[in-house]
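Student: Enclosed is the structure file model_34.cif (mmCIF, C-alpha atoms).
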data_query
#
loop_
_atom_site.label_atom_id
_atom_site.label_comp_id
_atom_site.auth_asym_id
_atom_site.auth_seq_id
_atom_site.Cartn_x
_atom_site.Cartn_y
_atom_site.Cartn_z
CA ARG A 26 0.00 0.00 0.00
CA ALA A 27 1.18 3.55 -0.73
CA ARG A 28 1.90 5.79 2.16
CA PRO A 29 -0.64 8.46 2.93
CA ARG A 30 -0.34 11.58 0.75
CA SER A 31 2.07 9.77 -1.50
CA SER A 32 1.77 9.62 -5.31
CA ALA A 33 3.26 6.15 -5.49
CA ARG A 34 0.98 3.34 -6.48
CA PRO A 35 1.28 -0.32 -5.54
CA VAL A 36 3.03 -2.46 -8.11
CA PRO A 37 0.95 -5.52 -8.97
CA THR A 38 2.80 -8.77 -8.33
CA GLY A 39 0.46 -11.00 -10.23
CA ALA A 40 -3.09 -11.19 -11.45
CA SER A 41 -5.12 -8.44 -9.80
CA ARG A 42 -7.65 -9.63 -7.34
CA PRO A 43 -11.11 -8.03 -7.25
CA GLU A 44 -12.04 -6.04 -4.22
CA PRO A 45 -14.57 -7.58 -1.88
CA ARG A 46 -17.40 -5.35 -3.15
CA GLU A 47 -16.64 -6.07 -6.78
CA GLN A 48 -16.52 -9.78 -5.92
CA GLN A 49 -19.91 -9.44 -4.23
CA ARG A 50 -21.44 -7.76 -7.32
CA ALA A 51 -20.06 -10.45 -9.60
CA TRP A 52 -21.57 -13.08 -7.35
CA GLN A 53 -25.00 -11.46 -7.47
CA SER A 54 -24.89 -10.97 -11.27
CA ALA A 55 -24.17 -14.68 -11.68
CA GLY A 56 -27.76 -15.39 -10.64
CA HIS A 57 -27.58 -15.62 -6.93
CA GLY A 58 -29.97 -12.70 -6.47
CA GLY A 59 -29.92 -10.51 -3.49
CA VAL A 60 -29.24 -13.23 -1.14
CA HIS A 61 -26.02 -12.56 0.56
CA HIS A 62 -24.10 -15.80 0.33
CA ARG A 63 -20.59 -15.98 1.28
CA PRO A 64 -18.68 -16.75 -1.92
CA PRO A 65 -16.49 -19.76 -1.93
CA GLU A 66 -12.95 -19.11 -1.03
CA GLU A 67 -10.68 -18.89 -3.99
CA GLU A 68 -8.03 -21.52 -4.27
CA ASP A 69 -4.62 -20.19 -3.62
CA PRO A 70 -2.72 -20.59 -6.92
CA ARG A 71 0.57 -20.59 -5.16
CA THR A 72 -0.41 -23.49 -3.01
CA ALA A 73 -1.53 -25.53 -6.04
CA ALA A 74 1.63 -24.64 -7.94
CA GLU A 75 3.78 -25.58 -5.05
CA GLU A 76 1.91 -28.88 -4.64
CA LEU A 77 2.37 -29.71 -8.32
CA ALA A 78 5.99 -28.70 -8.26
CA GLU A 79 6.78 -30.64 -5.09
CA PRO A 80 8.00 -34.20 -5.87
CA ARG A 81 6.10 -37.10 -4.37
CA ARG A 82 7.78 -38.33 -1.24
CA GLU A 83 8.46 -42.04 -1.38
CA ARG A 84 8.35 -44.26 1.69
CA ARG A 85 11.84 -45.11 2.65
CA PRO A 86 12.36 -48.80 3.44
CA SER A 87 13.44 -49.79 6.89
CA PRO A 88 17.16 -50.46 7.37
CA SER A 89 16.51 -54.21 7.78
CA ARG A 90 14.65 -54.44 4.47
CA ARG A 91 17.11 -52.17 2.65
CA ARG A 92 20.03 -54.37 3.62
CA GLY A 93 18.15 -57.69 3.27
CA VAL A 94 18.74 -58.55 6.93
CA SER A 95 16.36 -61.08 8.59
CA ARG A 96 14.14 -59.89 11.41
CA ILE A 97 15.03 -63.07 13.43
CA PRO A 98 17.10 -62.04 16.46
CA ARG A 99 20.79 -62.72 16.14
CA PRO A 100 21.01 -65.11 19.17
CA VAL A 101 18.22 -67.24 17.70
CA ARG A 102 19.97 -67.46 14.35
CA LEU A 103 23.26 -68.38 15.99
CA GLY A 104 21.55 -71.06 18.08
CA ALA A 105 19.86 -72.58 15.04
CA THR A 106 23.15 -72.64 13.14
CA LEU A 107 24.91 -74.33 16.05
CA LEU A 108 22.14 -76.92 16.39
CA ALA A 109 22.30 -77.74 12.68
CA LEU A 110 26.08 -78.13 12.92
CA LEU A 111 25.76 -80.47 15.88
CA LEU A 112 23.19 -82.56 14.02
CA VAL A 113 25.50 -82.91 11.02
CA ILE A 114 28.42 -83.94 13.25
CA GLY A 115 26.22 -86.37 15.20
CA CYS A 116 24.84 -88.02 12.07
CA GLY A 117 28.34 -88.37 10.68
CA TRP A 118 29.62 -89.88 13.92
CA PHE A 119 26.81 -92.43 14.25
CA GLY A 120 26.96 -93.28 10.57
CA GLY A 121 30.69 -93.91 10.62
CA LEU A 122 30.48 -95.87 13.86
CA ALA A 123 27.69 -98.03 12.45
CA LEU A 124 29.62 -98.81 9.27
CA TRP A 125 32.71 -99.73 11.26
CA ALA A 126 30.78 -101.96 13.66
CA ASP A 127 28.85 -103.61 10.83
CA SER A 128 32.11 -104.55 9.10
CA ARG A 129 33.24 -106.43 12.22
CA ILE A 130 30.22 -108.75 12.40
CA GLU A 131 30.86 -112.32 11.27
CA HIS A 132 28.16 -113.83 9.05
CA VAL A 133 27.27 -117.52 8.88
CA ASP A 134 24.95 -119.63 6.74
CA ALA A 135 22.18 -120.27 9.25
CA LEU A 136 18.74 -119.72 7.73
CA SER A 137 16.68 -122.50 6.20
CA GLU A 138 14.47 -122.49 3.12
CA ALA A 139 11.28 -122.96 5.13
CA ALA A 140 8.16 -121.09 4.05
CA ASP A 141 7.83 -117.67 5.65
CA THR A 142 5.45 -117.15 8.57
CA PRO A 143 3.74 -113.87 9.62
CA GLY A 144 5.74 -111.39 11.67
CA THR A 145 9.48 -111.17 12.25
CA THR A 146 11.33 -113.78 14.31
CA TRP A 147 14.85 -113.67 15.72
CA LEU A 148 16.66 -116.67 17.20
CA ILE A 149 19.22 -115.49 19.73
CA ALA A 150 21.85 -117.98 20.84
CA GLY A 151 24.49 -117.63 23.50
CA SER A 152 27.49 -119.65 22.38
CA ASP A 153 29.58 -121.22 25.13
CA ARG A 154 32.92 -121.01 23.34
CA ARG A 155 35.50 -123.01 25.19
CA ASP A 156 38.43 -121.34 23.45
CA GLY A 157 37.69 -118.02 25.14
CA ALA A 158 39.46 -116.90 28.29
CA ALA A 159 36.23 -115.76 29.94
CA VAL A 160 34.78 -119.26 30.25
CA SER A 161 36.14 -121.29 33.12
CA GLU A 162 37.42 -124.78 32.46
CA ASP A 163 34.71 -127.18 33.62
CA GLY A 164 35.65 -130.24 31.58
CA THR A 165 33.41 -129.42 28.59
CA THR A 166 35.02 -129.15 25.15
CA GLY A 167 33.88 -127.63 21.86
CA GLN A 168 31.13 -125.06 21.33
CA ARG A 169 27.56 -125.27 22.53
CA ALA A 170 24.49 -123.08 22.42
CA ASP A 171 24.16 -122.66 26.15
CA THR A 172 21.39 -120.06 25.88
CA MET A 173 18.56 -119.78 23.35
CA MET A 174 15.83 -117.17 23.14
CA LEU A 175 13.08 -116.68 20.60
CA LEU A 176 12.09 -113.07 19.92
CA HIS A 177 8.97 -112.52 17.80
CA LYS A 178 7.30 -109.33 16.61
CA ALA A 179 3.78 -110.05 15.39
CA ASP A 180 2.07 -108.19 12.57
CA ASN A 181 -0.11 -106.38 15.12
CA GLY A 182 3.01 -104.86 16.71
CA ARG A 183 3.17 -106.99 19.87
CA THR A 184 6.53 -108.45 20.80
CA TYR A 185 7.37 -111.58 22.76
CA LEU A 186 10.61 -112.92 24.21
CA VAL A 187 10.61 -116.63 25.12
CA SER A 188 13.50 -118.59 26.55
CA LEU A 189 14.02 -122.05 25.07
CA PRO A 190 15.52 -124.25 27.80
CA ARG A 191 18.65 -125.98 26.53
CA ASP A 192 17.53 -129.28 28.10
CA THR A 193 14.22 -129.38 26.20
CA LEU A 194 13.73 -132.75 24.54
CA VAL A 195 13.25 -132.20 20.80
CA ASP A 196 13.48 -134.09 17.54
CA ILE A 197 16.68 -132.99 15.78
CA PRO A 198 16.46 -133.50 11.99
CA GLY A 199 18.66 -136.43 10.98
CA HIS A 200 19.55 -137.35 14.58
CA GLY A 201 16.37 -138.15 16.51
CA GLY A 202 15.41 -137.22 20.05
CA TYR A 203 18.01 -135.15 21.96
CA LYS A 204 18.25 -132.06 24.10
CA LEU A 205 17.87 -128.83 22.18
CA ASN A 206 21.45 -127.63 22.71
CA ALA A 207 22.75 -130.78 21.03
CA ALA A 208 21.49 -129.45 17.68
CA TYR A 209 24.19 -126.78 17.73
CA ALA A 210 26.86 -129.34 18.61
CA PHE A 211 25.73 -131.67 15.80
CA GLY A 212 25.35 -129.14 12.99
CA GLY A 213 26.04 -125.61 14.12
CA PRO A 214 23.70 -122.64 13.61
CA SER A 215 21.92 -124.05 10.54
CA LEU A 216 20.83 -127.26 12.28
CA LEU A 217 19.84 -125.32 15.38
CA VAL A 218 17.62 -123.06 13.26
CA GLN A 219 15.96 -126.03 11.57
CA THR A 220 15.35 -127.72 14.92
CA VAL A 221 13.78 -124.59 16.47
CA GLU A 222 11.58 -124.02 13.41
CA GLN A 223 10.34 -127.59 13.54
CA PHE A 224 9.69 -127.35 17.28
CA THR A 225 7.93 -123.96 17.34
CA GLY A 226 6.35 -123.74 13.88
CA LEU A 227 7.88 -120.25 13.40
CA THR A 228 10.25 -119.50 10.53
CA ILE A 229 13.45 -117.79 11.69
CA ASP A 230 14.14 -114.52 9.84
CA HIS A 231 17.34 -113.52 11.66
CA TYR A 232 19.89 -115.58 13.56
CA VAL A 233 22.04 -113.73 16.11
CA GLU A 234 24.73 -115.49 18.11
CA VAL A 235 26.57 -113.87 20.99
CA GLY A 236 29.75 -115.42 22.30
CA PHE A 237 29.89 -115.53 26.07
CA ASP A 238 33.26 -113.82 25.87
CA GLY A 239 31.33 -110.90 24.38
CA VAL A 240 29.06 -110.62 27.41
CA THR A 241 32.03 -109.63 29.54
CA GLY A 242 33.22 -107.07 27.00
CA VAL A 243 29.80 -105.50 26.46
CA VAL A 244 29.11 -105.07 30.18
CA ASP A 245 32.58 -103.66 30.83
CA ALA A 246 32.07 -101.24 27.91
CA VAL A 247 28.99 -99.71 29.56
CA GLY A 248 30.42 -99.97 33.08
CA THR A 249 28.03 -102.14 35.09
CA VAL A 250 24.55 -103.65 35.04
CA ASN A 251 22.19 -103.94 37.97
CA LEU A 252 21.25 -107.56 38.76
CA CYS A 253 19.19 -109.01 41.61
CA ILE A 254 19.22 -112.42 43.26
CA ASP A 255 17.04 -113.88 46.00
CA ARG A 256 19.74 -115.76 47.94
CA ASP A 257 23.43 -115.79 48.79
CA VAL A 258 25.36 -117.64 46.07
CA ASP A 259 28.90 -118.96 45.90
CA ASP A 260 28.94 -121.22 42.84
CA GLU A 261 32.32 -122.73 42.00
CA LYS A 262 31.44 -123.98 38.50
CA SER A 263 30.18 -120.66 37.15
CA GLY A 264 32.20 -118.39 39.42
CA LEU A 265 29.11 -116.52 40.62
CA LYS A 266 29.53 -114.90 44.04
CA MET A 267 26.67 -112.67 45.11
CA THR A 268 24.80 -111.88 48.27
CA GLU A 269 21.03 -111.59 48.40
CA GLY A 270 19.73 -108.36 46.91
CA CYS A 271 20.54 -106.13 43.93
CA HIS A 272 24.06 -105.21 42.90
CA ASP A 273 25.87 -103.28 40.18
CA VAL A 274 28.18 -105.90 38.72
CA GLY A 275 30.88 -105.87 36.07
CA GLY A 276 31.40 -108.12 33.09
CA GLU A 277 32.89 -111.13 34.87
CA GLN A 278 30.09 -111.46 37.41
CA ALA A 279 27.45 -110.73 34.77
CA LEU A 280 28.75 -113.64 32.71
CA ALA A 281 28.67 -115.92 35.74
CA PHE A 282 25.11 -114.74 36.46
CA VAL A 283 23.81 -115.85 33.05
CA ARG A 284 25.71 -119.16 33.10
CA ALA A 285 25.10 -120.35 36.67
CA ARG A 286 22.51 -123.08 37.20
CA TYR A 287 23.86 -125.79 39.49
CA PHE A 288 23.18 -123.85 42.70
CA ASP A 289 19.51 -123.44 41.71
CA PRO A 290 17.11 -126.31 42.45
CA THR A 291 15.12 -125.34 39.34
CA ALA A 292 18.32 -125.69 37.25
CA ASP A 293 17.72 -124.60 33.67
CA LEU A 294 14.35 -122.97 34.39
CA GLY A 295 15.83 -120.69 37.01
CA ARG A 296 18.75 -119.83 34.75
CA GLN A 297 16.50 -118.72 31.88
CA GLN A 298 14.78 -116.27 34.24
CA ARG A 299 18.16 -114.82 35.25
CA GLN A 300 19.16 -114.58 31.59
CA GLN A 301 16.06 -112.58 30.76
CA GLN A 302 16.73 -110.36 33.77
CA PHE A 303 20.24 -109.74 32.45
CA VAL A 304 18.94 -108.86 28.98
CA GLY A 305 16.52 -106.32 30.45
CA ALA A 306 19.21 -104.79 32.68
CA LEU A 307 21.62 -104.53 29.74
CA MET A 308 18.99 -102.85 27.53
CA ASP A 309 18.28 -100.31 30.29
CA ARG A 310 21.98 -99.57 30.63
CA VAL A 311 22.68 -99.31 26.91
CA THR A 312 19.79 -96.86 26.38
CA SER A 313 20.66 -94.70 29.39
CA PRO A 314 21.81 -91.07 28.83
CA GLY A 315 25.23 -91.90 30.26
CA VAL A 316 25.83 -94.26 27.34
CA LEU A 317 23.90 -92.56 24.54
CA LEU A 318 25.57 -89.18 25.15
CA ASN A 319 29.11 -90.47 25.65
CA PRO A 320 31.04 -90.99 22.37
CA VAL A 321 33.82 -92.94 24.09
CA THR A 322 31.36 -95.40 25.64
CA GLN A 323 29.55 -95.72 22.31
CA ALA A 324 32.78 -96.66 20.55
CA ARG A 325 33.66 -99.22 23.22
CA LEU A 326 30.18 -100.73 23.09
CA ALA A 327 30.18 -100.91 19.29
CA GLY A 328 33.57 -102.59 19.30
CA ALA A 329 32.79 -105.09 22.04
CA GLY A 330 29.32 -105.92 20.74
CA SER A 331 30.15 -106.31 17.05
CA GLY A 332 33.30 -108.27 17.76
CA SER A 333 31.36 -110.97 19.62
CA LEU A 334 28.46 -111.31 17.14
CA ARG A 335 27.78 -113.89 14.48
CA THR A 336 24.66 -113.39 12.42
CA SER A 337 22.92 -115.00 9.49
CA GLU A 338 23.68 -113.78 5.98
CA GLY A 339 21.87 -110.53 5.29
CA THR A 340 21.48 -109.69 8.99
CA GLY A 341 23.42 -106.52 9.70
CA LEU A 342 23.77 -103.99 12.44
CA VAL A 343 20.44 -102.36 11.56
CA ASP A 344 18.64 -105.68 12.09
CA VAL A 345 20.48 -106.16 15.37
CA GLY A 346 19.35 -102.67 16.42
CA ARG A 347 15.75 -103.51 15.57
CA MET A 348 16.13 -106.70 17.57
CA GLY A 349 17.29 -104.65 20.57
CA LEU A 350 14.29 -102.34 20.31
CA ALA A 351 11.88 -105.28 19.97
CA MET A 352 13.52 -107.00 22.92
CA ARG A 353 13.21 -103.87 25.02
CA GLY A 354 9.54 -103.62 24.11
CA ALA A 355 9.00 -107.26 25.07
CA MET A 356 10.74 -106.79 28.41
CA LYS A 357 8.68 -103.68 29.21
CA GLY A 358 5.42 -105.36 28.26
CA GLY A 359 5.04 -107.24 31.54
CA PRO A 360 5.99 -110.71 32.81
CA SER A 361 7.77 -112.86 30.23
CA LEU A 362 6.02 -115.82 28.68
CA GLN A 363 7.09 -119.25 29.88
CA MET A 364 7.02 -122.20 27.53
CA PRO A 365 4.54 -124.88 28.73
CA ILE A 366 6.31 -127.87 30.28
CA GLU A 367 4.82 -131.28 30.97
CA ASP A 368 7.67 -132.82 32.97
CA PRO A 369 10.80 -130.86 34.00
CA GLU A 370 12.67 -134.03 35.05
CA TYR A 371 11.98 -136.53 32.32
CA HIS A 372 14.48 -139.39 32.22
CA THR A 373 15.68 -140.24 28.74
CA LYS A 374 17.68 -143.22 27.44
CA HIS A 375 20.55 -141.26 25.89
CA SER A 376 20.39 -137.67 27.21
CA GLY A 377 19.86 -138.09 30.93
CA VAL A 378 17.26 -135.84 32.58
CA ALA A 379 15.48 -133.59 30.11
CA ILE A 380 12.46 -131.29 29.92
CA LEU A 381 9.44 -132.93 28.34
CA THR A 382 6.78 -130.89 26.54
CA ASP A 383 3.38 -131.69 25.08
CA GLU A 384 3.15 -131.29 21.31
CA GLU A 385 -0.36 -129.81 21.30
CA ASP A 386 0.43 -127.35 24.08
CA ILE A 387 3.56 -126.19 22.28
CA ALA A 388 1.67 -125.72 19.01
CA ALA A 389 -1.03 -123.64 20.70
CA PHE A 390 1.52 -121.60 22.67
CA PHE A 391 3.67 -120.59 19.70
CA GLY A 392 0.60 -120.20 17.47
CA ALA A 393 -0.70 -117.48 19.81
CA ILE A 394 2.73 -115.82 19.75
CA GLN A 395 2.76 -115.87 15.96
CA ASP A 396 -0.55 -114.05 15.57
CA GLY A 397 0.04 -111.70 18.51
CA THR A 398 -2.75 -112.94 20.79
CA ALA A 399 -0.62 -114.53 23.52
CA GLU A 400 -1.06 -112.94 26.95
CA PRO A 401 1.60 -112.98 29.69
CA PRO A 402 0.65 -114.49 33.03
CA ALA A 403 -0.73 -112.20 35.71
CA ALA A 404 2.00 -110.53 37.74
#
Any chance you could give the structure as structure tokens?
Tutor:
Amino acid sequence: RARPRSSARPVPTGASRPEPREQQRAWQSAGHGGVHHRPPEEEDPRTAAEELAEPRRERRPSPSRRRGVSRIPRPVRLGATLLALLLVIGCGWFGGLALWADSRIEHVDALSEAADTPGTTWLIAGSDRRDGAAVSEDGTTGQRADTMMLLHKADNGRTYLVSLPRDTLVDIPGHGGYKLNAAYAFGGPSLLVQTVEQFTGLTIDHYVEVGFDGVTGVVDAVGTVNLCIDRDVDDEKSGLKMTEGCHDVGGEQALAFVRARYFDPTADLGRQQRQQQFVGALMDRVTSPGVLLNPVTQARLAGAGSGSLRTSEGTGLVDVGRMGLAMRGAMKGGPSLQMPIEDPEYHTKHSGVAILTDEEDIAAFFGAIQDGTAEPPAA
């Protein structure tokens, strides 16, 4: 605006704007009559120009997205990486150990050509090898199957572990009526398998033989096993020396525990119960955290176990592992099944005192095991 009494006039800076009264007249002449409406405010051209001229502001990505960094916290990512590394190392260790142990297993021609029966059946034999230092000299020569167990996993998933008393009177193919352990002495593992198949009606899928020398090594590899006995024992023939109760014993006493029978009035029947107790105690020890998480103990166990095994052709460490799991399941399933016996002190012409069984009872007993319907006795 010019100063009062000054001849200067304002210099227009842009398009001249009409005065309020002129704007009012233009509004009325546009047809709005005499009604005094407030005209709409005129848009500020500078504001529009500035808005058009101003570049659109883009949303800037967060630093994590701009750099491609994960939103997972760093400690979590480090922990996952470490866990994956440990898994790779563990798989490599177990895989290498398994291959090494599998290469140490001795394989023998043991299986027959009998027709297959439902389920999976293992015949487990404890060989009393007289050339080993762990077996005391008791006047017996050669090799004998001192312990025999039948492990069966039925198609319905149930598992059964049955001890076959060595003194059971059976018909050995090509030899006639003898005690069961004589089959191994006459023809080795193959004749023993044929005899057991004929006696039980079950076809053997896997034969696993454990030398008694191996029992000492396996127990010493895992440290000790916990075994219980109901009386004081000092047996010279087996070397078993234990007081009544439960004890953590090493390999030498564990071997004596599974072999001893002369101190027991029930003889072979009492021994088979102790053998099953030993198997259960060993499975508990082998699957304990102290063994599973100790690489040194694992290596010792793999070496001692595989070095004392003889299996049928095609039966490897994986099958032995499955056998161990099935055996553990059978031991945890309740009281073990006992084979029906007609006369525990049957006098024979050529084999002395033997265990006599009834053919029909045996057929019904092992038939129920085969189809998975056998029930253990009440505890």
Student: Pull out every residue that the PyMOL selection byres ((chain A and resi 378-394) around 6) matches in the shown coordinates and put them as a list of chain:residue names.
Tutor: A:Asp192, A:Thr193, A:Leu194, A:Thr225, A:Ile366, A:Glu367, A:Asp368, A:Pro369, A:Glu370, A:Tyr371, A:His372, A:Gly377, A:Gln395, A:Asp396, A:Gly397, A:Thr398, A:Ala399
Student: Determine the nearest neighbour of Lys374 of chain A from the options A:Gly212, A:Arg347, A:Gly202, A:Asp260, counting all atoms listed in the file.
Tutor: A:Gly202
Student: Of the candidates A:Arg310, A:Lys357, A:Arg286, A:His272, which one gets nearest to Thr172 of chain A if we count all atoms listed in the file?
Tutor: A:Arg286
Student: With distances taken over only C-alpha atoms, which residue among A:Thr228, A:Ser331, A:Gln363, A:Thr373 lies nearest Ile130 of chain A?
Tutor: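 With only C-alpha atoms as the atom set, the closest residue is A:Ser331.
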Student: Quick one: what's the axis-aligned box for segment 234-249 of chain A, all listed atoms, 4 Å on every side, centre and edges in Å to one decimal, as AutoDock Vina command-line options?
Tutor:
--center_x 29.0 --center_y -107.6 --center_z 26.6 --size_x 16.5 --size_y 23.8 --size_z 25.0
Student: For the structure provided, state which residues fall under the PyMOL selection byres ((chain A and resi 207) around 9), and present them as a PyMOL selection string.
Tutor: chain A and resi 169-170+191-192+197+203-206+208-212+217
Student: For the file shown, what are the residues hit by the PyMOL selection byres ((chain A and resi 332) around 9), laid out as a list in words?
Tutor: Ala126, Arg129, Ile130, Glu131, Gly239, Ala327, Gly328, Ala329, Gly330, Ser331, Ser333, Leu334 and Arg335 of chain A
